[in-house]
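Next comes model30.txt, a file with compact mmCIF, C-alpha atoms.
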```
# COMPACT_ATOMS: atom_id res chain seq x y z
CA MET M 28 -141.14 65.63 108.44
CA ARG M 29 -140.59 69.38 108.35
CA PHE M 30 -138.02 71.19 110.47
CA ARG M 31 -135.77 74.24 110.48
CA ALA M 32 -132.26 74.30 109.09
CA ALA M 33 -129.65 76.85 108.00
CA VAL M 34 -129.37 76.67 104.21
CA LEU M 35 -126.45 78.10 102.22
CA ARG M 36 -127.80 78.79 98.74
CA SER M 37 -124.78 80.39 97.09
CA TYR M 38 -121.14 81.03 97.90
CA GLU M 39 -121.86 84.74 98.46
CA ASP M 40 -125.18 84.57 100.37
CA ARG M 41 -125.77 84.50 104.08
CA PHE M 42 -127.06 81.33 105.66
CA ALA M 43 -130.87 81.41 105.64
CA VAL M 44 -132.76 79.60 108.40
CA GLU M 45 -135.77 78.07 106.68
CA ASP M 46 -138.05 75.03 106.61
CA VAL M 47 -136.68 71.85 105.03
CA LEU M 48 -138.32 68.50 104.40
CA LEU M 49 -137.10 65.00 105.14
CA ASN M 50 -139.22 62.76 102.98
CA THR M 51 -138.35 59.32 104.40
CA GLY M 52 -137.49 57.75 107.70
CA PRO M 53 -134.09 56.24 108.51
CA ALA M 54 -132.91 53.49 106.20
CA GLU M 55 -131.19 50.40 107.50
CA GLY M 56 -128.07 51.43 109.39
CA GLU M 57 -129.21 55.04 109.90
CA VAL M 58 -130.56 57.04 112.82
CA LEU M 59 -132.54 60.25 113.05
CA VAL M 60 -131.05 62.61 115.64
CA ARG M 61 -132.65 65.67 117.24
CA ILE M 62 -129.78 68.13 117.35
CA ALA M 63 -129.00 69.69 120.73
CA GLY M 64 -126.04 71.74 119.48
CA CYS M 65 -123.69 71.92 116.52
CA GLY M 66 -120.22 73.43 116.41
CA MET M 67 -119.23 75.75 113.58
CA CYS M 68 -115.94 74.64 112.03
CA ARG M 69 -113.77 76.57 109.59
CA THR M 70 -114.29 73.68 107.16
CA ASP M 71 -117.96 74.72 107.01
CA LEU M 72 -116.97 78.30 106.24
CA ALA M 73 -114.35 77.22 103.68
CA VAL M 74 -117.21 76.07 101.43
CA ARG M 75 -117.51 79.71 100.36
CA ARG M 76 -113.99 79.47 98.94
CA SER M 77 -114.32 76.01 97.40
CA ALA M 78 -114.59 77.27 93.80
CA GLY M 79 -117.73 75.27 93.11
CA ARG M 80 -116.43 71.93 94.40
CA SER M 81 -119.10 71.73 97.12
CA PRO M 82 -122.63 71.48 95.71
CA LEU M 83 -125.14 74.13 96.77
CA PRO M 84 -127.73 74.74 98.03
CA ALA M 85 -126.83 72.72 101.08
CA VAL M 86 -127.26 72.37 104.82
CA LEU M 87 -123.77 72.36 106.30
CA GLY M 88 -122.67 71.56 109.86
CA HIS M 89 -120.58 68.56 110.87
CA GLU M 90 -120.03 68.87 114.63
CA GLY M 91 -123.47 67.85 115.80
CA ALA M 92 -124.63 66.26 119.04
CA GLY M 93 -128.13 65.23 119.95
CA VAL M 94 -130.64 62.56 120.91
CA VAL M 95 -131.63 59.57 118.78
CA VAL M 96 -135.35 59.78 118.01
CA ARG M 97 -135.69 57.02 115.38
CA THR M 98 -133.52 54.14 114.23
CA GLY M 99 -133.24 52.11 111.05
CA GLY M 100 -133.35 48.79 112.85
CA ALA M 101 -131.55 46.92 115.57
CA GLY M 102 -128.37 46.74 113.49
CA THR M 103 -127.56 50.36 114.29
CA GLY M 104 -126.51 49.42 117.81
CA LEU M 105 -128.37 52.50 119.05
CA THR M 106 -131.77 52.99 120.65
CA VAL M 107 -134.25 55.83 120.88
CA GLY M 108 -133.18 58.21 123.63
CA ASP M 109 -129.45 57.60 123.28
CA HIS M 110 -127.27 60.72 123.49
CA VAL M 111 -124.77 60.79 120.64
CA VAL M 112 -121.92 62.88 119.23
CA LEU M 113 -121.76 62.89 115.43
CA SER M 114 -118.46 62.61 113.62
CA PHE M 115 -117.22 62.23 110.03
CA ASP M 116 -118.54 59.64 107.58
CA SER M 117 -116.67 56.59 106.31
CA CYS M 118 -117.57 53.51 104.30
CA GLY M 119 -116.61 50.92 106.92
CA HIS M 120 -115.34 48.32 104.47
CA CYS M 121 -112.30 49.69 102.58
CA HIS M 122 -108.73 48.81 103.55
CA ALA M 123 -108.32 51.95 105.69
CA CYS M 124 -111.62 51.51 107.55
CA LEU M 125 -110.90 47.85 108.24
CA GLY M 126 -107.48 48.92 109.51
CA ALA M 127 -109.00 51.29 112.12
CA ALA M 128 -108.09 54.38 110.07
CA PRO M 129 -111.51 55.71 108.97
CA ALA M 130 -110.16 59.24 108.42
CA TYR M 131 -108.29 57.82 105.42
CA CYS M 132 -111.33 56.01 104.01
CA ASP M 133 -111.15 55.49 100.24
CA SER M 134 -114.51 57.31 99.97
CA PHE M 135 -113.78 60.11 102.45
CA ALA M 136 -114.04 62.98 99.96
CA ALA M 137 -117.17 61.63 98.27
CA LEU M 138 -118.96 60.95 101.55
CA ASN M 139 -117.95 64.06 103.45
CA LEU M 140 -117.01 66.95 101.18
CA PHE M 141 -119.09 66.67 98.03
CA GLY M 142 -122.62 66.22 99.26
CA GLY M 143 -122.46 62.54 100.13
CA ARG M 144 -124.59 59.60 99.09
CA ALA M 145 -126.12 61.04 95.92
CA GLU M 146 -128.50 58.08 95.71
CA ASN M 147 -130.43 59.59 98.64
CA ALA M 148 -130.56 63.16 97.34
CA ALA M 149 -134.32 63.33 96.67
CA ARG M 150 -135.32 62.59 100.24
CA PHE M 151 -133.95 65.91 101.60
CA THR M 152 -135.40 69.07 100.04
CA ASP M 153 -136.36 72.62 100.83
CA ALA M 154 -139.98 73.52 101.58
CA THR M 155 -140.79 73.91 97.86
CA GLY M 156 -139.31 70.54 96.92
CA GLY M 157 -136.05 72.00 95.63
CA ALA M 158 -133.04 69.70 95.93
CA LEU M 159 -130.51 70.16 98.72
CA ALA M 160 -127.10 68.52 98.78
CA PRO M 161 -127.99 65.30 100.56
CA ARG M 162 -125.52 65.11 103.43
CA TRP M 163 -122.51 67.17 104.55
CA PHE M 164 -119.97 65.05 106.46
CA GLY M 165 -122.69 62.47 106.95
CA GLN M 166 -124.73 64.99 108.98
CA SER M 167 -125.88 68.39 107.68
CA SER M 168 -126.40 69.30 111.32
CA PHE M 169 -126.94 73.09 111.14
CA ALA M 170 -130.50 72.01 111.73
CA GLU M 171 -133.02 70.79 114.26
CA TYR M 172 -132.66 67.21 113.01
CA ALA M 173 -130.07 65.19 111.12
CA MET M 174 -130.28 61.80 109.44
CA VAL M 175 -126.92 60.08 109.87
CA PRO M 176 -125.30 56.68 109.40
CA ALA M 177 -125.13 55.01 112.79
CA ARG M 178 -121.42 54.53 112.08
CA ASN M 179 -121.03 58.33 112.52
CA ALA M 180 -122.78 58.41 115.89
CA VAL M 181 -120.91 57.82 119.16
CA ARG M 182 -123.02 57.13 122.24
CA VAL M 183 -122.14 59.29 125.27
CA ASP M 184 -123.22 59.49 128.88
CA PRO M 185 -126.52 61.41 129.17
CA ALA M 186 -125.13 63.19 132.24
CA LEU M 187 -122.72 65.14 129.98
CA PRO M 188 -123.66 68.63 128.65
CA LEU M 189 -124.92 67.35 125.29
CA GLU M 190 -125.37 70.73 123.62
CA LEU M 191 -121.62 71.42 124.01
CA LEU M 192 -120.25 68.05 122.88
CA GLY M 193 -120.54 68.41 119.08
CA PRO M 194 -117.04 69.86 118.48
CA LEU M 195 -115.61 66.64 119.93
CA GLY M 196 -116.67 65.08 116.61
CA CYS M 197 -114.24 67.10 114.48
CA GLY M 198 -112.33 70.21 115.59
CA PHE M 199 -111.41 69.17 119.11
CA LEU M 200 -111.01 65.55 117.96
CA THR M 201 -108.51 66.68 115.32
CA GLY M 202 -106.29 68.66 117.69
CA ALA M 203 -106.40 66.20 120.55
CA GLY M 204 -106.06 63.21 118.24
CA ALA M 205 -102.94 64.64 116.62
CA VAL M 206 -101.30 64.70 120.05
CA LEU M 207 -102.68 61.49 121.52
CA ASN M 208 -102.88 59.29 118.41
CA SER M 209 -100.55 60.65 115.71
CA PHE M 210 -97.69 61.76 117.98
CA ARG M 211 -98.52 59.57 120.97
CA ALA M 212 -97.02 62.33 123.09
CA GLY M 213 -96.30 61.57 126.72
CA PRO M 214 -94.41 62.80 129.77
CA GLY M 215 -91.16 64.50 128.85
CA ASP M 216 -92.09 65.08 125.21
CA THR M 217 -92.05 68.60 123.77
CA LEU M 218 -94.64 70.01 121.40
CA ALA M 219 -94.91 73.31 119.52
CA VAL M 220 -98.41 74.26 118.34
CA PHE M 221 -98.64 76.87 115.60
CA GLY M 222 -102.07 78.49 115.62
CA ALA M 223 -104.09 78.71 118.84
CA GLY M 224 -107.58 78.33 117.43
CA ALA M 225 -110.00 75.55 118.29
CA VAL M 226 -107.80 72.76 116.88
CA GLY M 227 -104.56 74.19 118.27
CA LEU M 228 -105.96 74.79 121.75
CA ALA M 229 -107.42 71.28 121.82
CA ALA M 230 -103.91 70.05 121.03
CA VAL M 231 -102.51 72.16 123.88
CA MET M 232 -105.04 70.74 126.34
CA ALA M 233 -104.38 67.16 125.22
CA ALA M 234 -100.62 67.66 125.46
CA THR M 235 -100.95 69.04 128.97
CA ALA M 236 -103.13 66.07 129.94
CA ALA M 237 -100.48 63.73 128.49
CA GLY M 238 -97.69 65.39 130.48
CA ALA M 239 -95.91 67.02 127.52
CA VAL M 240 -94.27 70.45 127.60
CA THR M 241 -96.00 72.72 125.09
CA VAL M 242 -95.24 76.00 123.35
CA ALA M 243 -98.13 77.79 121.60
CA VAL M 244 -97.49 80.25 118.76
CA ASP M 245 -100.10 82.73 117.54
CA ARG M 246 -100.50 86.33 116.39
CA HIS M 247 -103.47 87.08 118.68
CA VAL M 248 -102.68 88.02 122.26
CA GLY M 249 -106.06 86.78 123.47
CA ARG M 250 -105.46 83.32 121.99
CA LEU M 251 -102.03 83.19 123.58
CA ALA M 252 -103.59 84.03 126.94
CA LEU M 253 -105.95 81.06 126.51
CA ALA M 254 -103.03 78.80 125.63
CA GLU M 255 -101.19 79.96 128.75
CA ARG M 256 -104.28 79.21 130.84
CA PHE M 257 -104.01 75.64 129.55
CA HIS M 258 -100.33 75.50 130.61
CA ALA M 259 -98.60 76.21 127.30
CA VAL M 260 -95.73 78.69 127.05
CA PRO M 261 -97.06 81.51 124.82
CA VAL M 262 -94.93 82.86 121.97
CA HIS M 263 -96.01 85.64 119.63
CA ALA M 264 -95.72 84.67 115.96
CA ALA M 265 -93.96 87.97 115.20
CA SER M 266 -91.12 87.21 117.66
CA ALA M 267 -87.63 87.78 116.33
CA ASP M 268 -86.05 84.51 115.15
CA LEU M 269 -89.13 82.50 116.08
CA PRO M 270 -87.62 79.02 115.47
CA ALA M 271 -84.64 79.76 117.71
CA ARG M 272 -86.93 80.92 120.49
CA VAL M 273 -89.06 77.79 120.26
CA ARG M 274 -85.94 75.59 120.25
CA ARG M 275 -84.68 77.38 123.35
CA LEU M 276 -87.99 76.95 125.18
CA THR M 277 -88.14 73.24 124.29
CA GLY M 278 -84.59 72.40 125.33
CA GLY M 279 -82.99 72.14 121.92
CA GLY M 280 -86.02 71.77 119.70
CA ALA M 281 -89.51 70.32 119.86
CA ARG M 282 -89.95 66.62 119.29
CA TYR M 283 -93.31 67.34 117.65
CA ALA M 284 -94.88 70.37 116.02
CA LEU M 285 -98.45 70.86 114.86
CA ASP M 286 -99.41 73.53 112.35
CA THR M 287 -103.08 74.48 112.19
CA THR M 288 -102.65 77.63 110.08
CA GLY M 289 -101.70 76.46 106.60
CA ASP M 290 -99.34 79.45 106.43
CA ALA M 291 -96.17 78.62 104.45
CA GLU M 292 -93.90 80.88 106.50
CA LEU M 293 -95.09 79.42 109.80
CA ILE M 294 -94.81 75.88 108.45
CA ASN M 295 -91.15 76.53 107.62
CA ASP M 296 -90.67 78.07 111.07
CA ALA M 297 -92.28 74.98 112.61
CA LEU M 298 -89.84 72.69 110.79
CA ARG M 299 -86.90 74.80 111.96
CA SER M 300 -88.25 74.55 115.52
CA LEU M 301 -87.87 70.77 115.57
CA ARG M 302 -85.01 68.80 117.02
CA PRO M 303 -83.33 66.18 114.80
CA THR M 304 -85.80 63.43 113.82
CA GLY M 305 -88.66 65.71 114.92
CA ARG M 306 -92.04 65.44 113.24
CA LEU M 307 -94.35 68.17 111.97
CA GLY M 308 -98.04 67.44 111.47
CA LEU M 309 -100.23 69.60 109.24
CA VAL M 310 -103.99 69.67 109.72
CA ALA M 311 -105.05 72.57 107.49
CA ARG M 312 -105.82 71.94 103.83
CA LEU M 313 -103.24 73.79 101.75
CA GLY M 314 -104.62 76.00 99.01
CA ALA M 315 -101.34 76.46 97.13
CA THR M 316 -97.91 74.93 96.61
CA LEU M 317 -95.92 74.72 99.84
CA PRO M 318 -92.34 75.95 99.34
CA LEU M 319 -89.96 74.40 101.84
CA GLU M 320 -86.82 76.34 102.62
CA PRO M 321 -83.40 74.66 102.29
CA GLY M 322 -82.44 72.71 105.37
CA THR M 323 -85.91 72.41 106.89
CA LEU M 324 -86.01 68.63 106.41
CA ASP M 325 -82.38 67.96 107.30
CA ARG M 326 -81.34 65.57 110.08
CA GLY M 327 -84.33 63.27 109.91
CA ARG M 328 -87.06 65.86 110.32
CA SER M 329 -90.33 64.89 108.63
CA VAL M 330 -93.68 66.42 107.72
CA SER M 331 -97.03 64.75 107.07
CA HIS M 332 -100.70 65.63 106.90
CA ILE M 333 -102.93 64.45 109.76
CA CYS M 334 -106.61 63.95 108.97
CA GLU M 335 -109.22 64.00 111.76
CA GLY M 336 -106.54 63.38 114.38
CA ASP M 337 -105.98 59.81 113.10
CA ALA M 338 -109.02 59.06 115.24
CA VAL M 339 -111.49 56.26 115.53
CA PRO M 340 -114.27 58.50 116.89
CA GLY M 341 -115.86 55.73 118.94
CA LEU M 342 -112.61 55.37 120.88
CA LEU M 343 -111.32 58.94 121.12
CA ILE M 344 -114.56 60.79 121.92
CA PRO M 345 -115.20 58.77 125.13
CA ARG M 346 -111.56 59.28 126.09
CA LEU M 347 -111.94 63.05 125.71
CA THR M 348 -115.14 63.17 127.75
CA GLU M 349 -113.39 61.28 130.54
CA LEU M 350 -110.51 63.75 130.42
CA TRP M 351 -113.10 66.55 130.65
CA ARG M 352 -114.66 64.92 133.73
CA ALA M 353 -111.19 64.83 135.28
CA GLU M 354 -110.78 68.57 134.51
CA LEU M 355 -107.89 67.76 132.15
CA PHE M 356 -109.57 68.71 128.87
CA PRO M 357 -111.73 71.81 129.57
CA PHE M 358 -112.97 72.25 126.01
CA ASP M 359 -116.16 73.94 127.23
CA GLN M 360 -114.06 77.03 128.05
CA LEU M 361 -113.56 77.58 124.31
CA ILE M 362 -117.25 77.57 123.41
CA ARG M 363 -119.76 80.37 122.95
CA THR M 364 -123.34 79.36 122.13
CA TYR M 365 -125.65 81.07 119.62
CA PRO M 366 -129.26 80.37 118.64
CA LEU M 367 -129.42 78.74 115.23
CA ALA M 368 -131.24 81.86 114.02
CA ASP M 369 -128.05 83.87 114.76
CA ILE M 370 -125.83 81.76 112.50
CA HIS M 371 -124.73 84.84 110.53
CA GLU M 372 -123.47 86.50 113.72
CA ALA M 373 -121.69 83.28 114.71
CA GLU M 374 -119.99 83.11 111.31
CA GLN M 375 -118.87 86.75 111.53
CA ASP M 376 -117.50 86.25 115.06
CA CYS M 377 -115.67 83.09 113.97
CA ASP M 378 -114.14 84.76 110.91
CA ALA M 379 -113.03 87.76 112.95
CA GLY M 380 -111.51 85.62 115.71
CA ARG M 381 -113.88 86.97 118.37
CA VAL M 382 -114.83 83.43 119.37
CA VAL M 383 -112.81 80.23 119.36
CA LYS M 384 -115.65 77.76 118.85
CA PRO M 385 -119.22 78.86 118.11
CA VAL M 386 -121.90 76.29 118.88
CA LEU M 387 -125.36 76.71 117.37
CA ILE M 388 -128.38 75.72 119.45
CA PRO M 389 -131.59 74.94 117.52
CA ASP M 390 -134.29 77.49 118.31
CA ARG M 391 -137.37 75.35 118.59
CA PRO M 392 -136.92 71.59 118.34
CA PRO M 393 -140.40 70.32 117.45
CA PRO M 394 -141.65 66.90 118.58
CA ALA M 395 -140.36 64.05 116.44
```
Conversion result in structure tokens:
Amino acid sequence: MRFRAAVLRSYEDRFAVEDVLLNTGPAEGEVLVRIAGCGMCRTDLAVRRSAGRSPLPAVLGHEGAGVVVRTGGAGTGLTVGDHVVLSFDSCGHCHACLGAAPAYCDSFAALNLFGGRAENAARFTDATGGALAPRWFGQSSFAEYAMVPARNAVRVDPALPLELLGPLGCGFLTGAGAVLNSFRAGPGDTLAVFGAGAVGLAAVMAATAAGAVTVAVDRHVGRLALAERFHAVPVHAASADLPARVRRLTGGGARYALDTTGDAELINDALRSLRPTGRLGLVARLGATLPLEPGTLDRGRSVSHICEGDAVPGLLIPRLTELWRAELFPFDQLIRTYPLADIHEAEQDCDAGRVVKPVLIPDRPPPA
């Protein structure tokens, strides 16, 4: 079948919306999904800075949501017409996957970051037959259609606004999961969130829903205003003696801190903002050595990386949609939609911080 997709051909080029070809139907355990909307995540944009580690040309996009139009057999557990949110790929049989920790799958990097499932590369090409990297995060959903492992697809209520749900598969899942799964924050807990982008604001919303007291730190006044709308105490990142101010606002130090920036200075500030035995979670991939200042890990403080919010997507995504229904997780307020054809504008707005979460809507979904 032929359909439209946004192809990134080199690390310097714009995305080009062009025809691509899917040369086979779904294999056993796969489903074909007509994409209703796909979030743009900074992980997609970071491919430009990956120093050749991500194969190009490729169709990126890993926060898709859509409707199942074909299945690879009854074993998928899905049927034609099901509404699904697409999340990250995992093997399903390694120690981590069997232990309900698919974000730490032994094959995570191979399946998600480096093209995925090379044995299926020939079935996905451009209109001239040129090879495309076969599957980004199990999806490649900057497109009208995506072929995905059924394991990636989480069925959702068709009454939900499907075109807006894609970011629940990664960015919002990561921030909310860090709070609800990794920290297990609850009433009376204190949380400091460093970086009020899509992941950080999802963490703020989840913390508020859980009854925690939250401080949000950012350099952008507009992002701080959003955090305040979601009941966090806003603190400018340039504040004098930032750690002391956060400790004061959290009654002696935050029990948990989440850094979404990857900035070494802010990470050290986050550690100094913690109370004794406090925990800092990092979600950004660090591009350089992280120097920790003396004393930052004293008195039982700890730091660890959190991948995909420690989530089992099939459990957390329904929980987040129910919180949305209860008006406790208003993630839709962070979204601005763009036609797929305007992907370059969406990327520019995302890079410049003019939008928290762009969502791309396919221009003309043809009949399956």
Subject >> Interatomic distance (Å, one decimal) between atom CA of Glu45 of chain M and atom CA of Arg150 of chain M >> reply: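 Going from atom CA of Glu45 of chain M over to atom CA of Arg150 of chain M, I get 16.8 Å.
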If we count only C-alpha atoms, what is near Phe358 of chain M at a cut-off of 8 Å, once residues fewer than 4 positions away on the same chain are taken out, given as a PDB file with C-alpha atoms, in the coordinates of the input?
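Done, and the output landed in out_11.pdb:
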```pdb
ATOM      1  CA  PHE M 199    -111.410  69.170 119.110  1.00  0.00           C
ATOM      2  CA  ALA M 229    -107.420  71.280 121.820  1.00  0.00           C
ATOM      3  CA  TRP M 351    -113.100  66.550 130.650  1.00  0.00           C
ATOM      4  CA  ILE M 362    -117.250  77.570 123.410  1.00  0.00           C
TER       5      ILE M 362
END
```
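Shortest separation to Val175 of chain M among M:Ser134, M:Thr152, M:Thr364, M:Ser114 occurs at residue M:Ser114, atoms counted being only C-alpha atoms.
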**OP:** Fewer than 3 positions away in the same chain doesn't count, so skip those; otherwise give me all residues within 9 Å of Ala338 of chain M, counting all atoms listed in the file, as JSON, numbers by chain.
**Re:** {"M": [127, 128, 129, 130, 200, 201, 204, 205, 208, 209, 334, 335, 341, 342, 343, 344]}
Original post:
What does the distance from atom CA of Asn295 of chain M to atom CA of Pro318 of chain M come to in Å, to one decimal?
Top reply: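 According to the coordinates, atom CA of Asn295 of chain M and atom CA of Pro318 of chain M are separated by 8.4 Å.
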Original post:
So what do you get for atom CA of Ser117 of chain M versus atom CA of Arg162 of chain M, distance-wise?
Top reply: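 Atom CA of Ser117 of chain M sits 12.6 Å away from atom CA of Arg162 of chain M.
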Subject >> Point (-127.7, 54.5, 112.1) neighbourhood (10 Å, all atoms listed in the file) written as a ChimeraX atom specification >> reply: /M:53-60,95,97-106,174-180
Subject >> Local residues around (-121.6, 70.6, 127.2), at most 10 Å away, using all atoms listed in the file, as number ranges by chain >> reply: M: 63-64, 92, 186-194, 348, 358-360, 362
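For the choices M:Ala212, M:Ala43, M:Val330, M:Leu361, the atom-to-atom distance to Arg299 of chain M is smallest for M:Val330 when using only C-alpha atoms.
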Original post:
Using all atoms listed in the file, which residue out of M:Arg282, M:Glu171, M:Phe164, M:Ala233 lies closest to Gly215 of chain M?
Top reply: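 For Gly215 of chain M, the nearest of the candidates is M:Arg282.
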Subject >> Close residues, segment 320-326 of chain M itself excluded, 10 Å, all atoms listed in the file, min 3 positions apart in chain, as a list in words >> reply: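 These residues fall inside the cut-off: Ala291, Glu292, Ile294, Asn295, Asp296, Ala297, Leu298, Arg299, Ser300, Leu301, Arg302, Pro303, Thr304, Gly305, Arg306, Leu317, Ser329 and Val330 of chain M.
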Keeping only C-alpha atoms, write the selected residues to a file as a PDB file, in the frame of the given file.
```
ATOM      1  CA  ALA M 291     -96.170  78.620 104.450  1.00  0.00           C
ATOM      2  CA  GLU M 292     -93.900  80.880 106.500  1.00  0.00           C
ATOM      3  CA  ILE M 294     -94.810  75.880 108.450  1.00  0.00           C
ATOM      4  CA  ASN M 295     -91.150  76.530 107.620  1.00  0.00           C
ATOM      5  CA  ASP M 296     -90.670  78.070 111.070  1.00  0.00           C
ATOM      6  CA  ALA M 297     -92.280  74.980 112.610  1.00  0.00           C
ATOM      7  CA  LEU M 298     -89.840  72.690 110.790  1.00  0.00           C
ATOM      8  CA  ARG M 299     -86.900  74.800 111.960  1.00  0.00           C
ATOM      9  CA  SER M 300     -88.250  74.550 115.520  1.00  0.00           C
ATOM     10  CA  LEU M 301     -87.870  70.770 115.570  1.00  0.00           C
ATOM     11  CA  ARG M 302     -85.010  68.800 117.020  1.00  0.00           C
ATOM     12  CA  PRO M 303     -83.330  66.180 114.800  1.00  0.00           C
ATOM     13  CA  THR M 304     -85.800  63.430 113.820  1.00  0.00           C
ATOM     14  CA  GLY M 305     -88.660  65.710 114.920  1.00  0.00           C
ATOM     15  CA  ARG M 306     -92.040  65.440 113.240  1.00  0.00           C
ATOM     16  CA  LEU M 317     -95.920  74.720  99.840  1.00  0.00           C
ATOM     17  CA  SER M 329     -90.330  64.890 108.630  1.00  0.00           C
ATOM     18  CA  VAL M 330     -93.680  66.420 107.720  1.00  0.00           C
TER      19      VAL M 330
END
```
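Nearest-residue note for Leu138 of chain M: choosing from M:Gly249, M:Pro84, M:Gly289, M:Pro161, the minimum distance belongs to M:Pro161, counting all atoms listed in the file.
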**OP:** Name the closest residue to Pro185 of chain M among the candidates M:Leu347, M:Val112, M:Val86, M:Val310; distances are taken between atoms, counting all atoms listed in the file.
**Re:**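 So, comparing all the options, the nearest one is M:Val112.
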**OP:** Find the residue from M:Val240, M:Leu228, M:Val183, M:Arg272 that sits nearest to Ala252 of chain M; use only C-alpha atoms when measuring.
**Re:**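 Residue with the minimum atom-to-atom distance to Ala252 of chain M: M:Leu228.
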**OP:** Would you mind listing what lies within 10 Å of Leu276 of chain M as a PyMOL selection string, with all atoms listed in the file counted and same-chain residues fewer than 6 positions away left out?
**Re:** chain M and resi 217+219+240-242+260+262+270+300
**OP:** List the neighbours of Asp390 of chain M out to 7 Å using all atoms listed in the file; skip same-chain residues closer than 2 positions along the sequence, and give me the result as a PyMOL selection string.
**Re:** chain M and resi 366-368+388+392
Write the residues of the selection above to a file with C-alpha atoms, as a PDB file, in the frame of the given file.
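Everything below was put into part-v5.pdb:
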```pdb
ATOM      1  CA  PRO M 366    -129.260  80.370 118.640  1.00  0.00           C
ATOM      2  CA  LEU M 367    -129.420  78.740 115.230  1.00  0.00           C
ATOM      3  CA  ALA M 368    -131.240  81.860 114.020  1.00  0.00           C
ATOM      4  CA  ILE M 388    -128.380  75.720 119.450  1.00  0.00           C
ATOM      5  CA  PRO M 392    -136.920  71.590 118.340  1.00  0.00           C
TER       6      PRO M 392
END
```
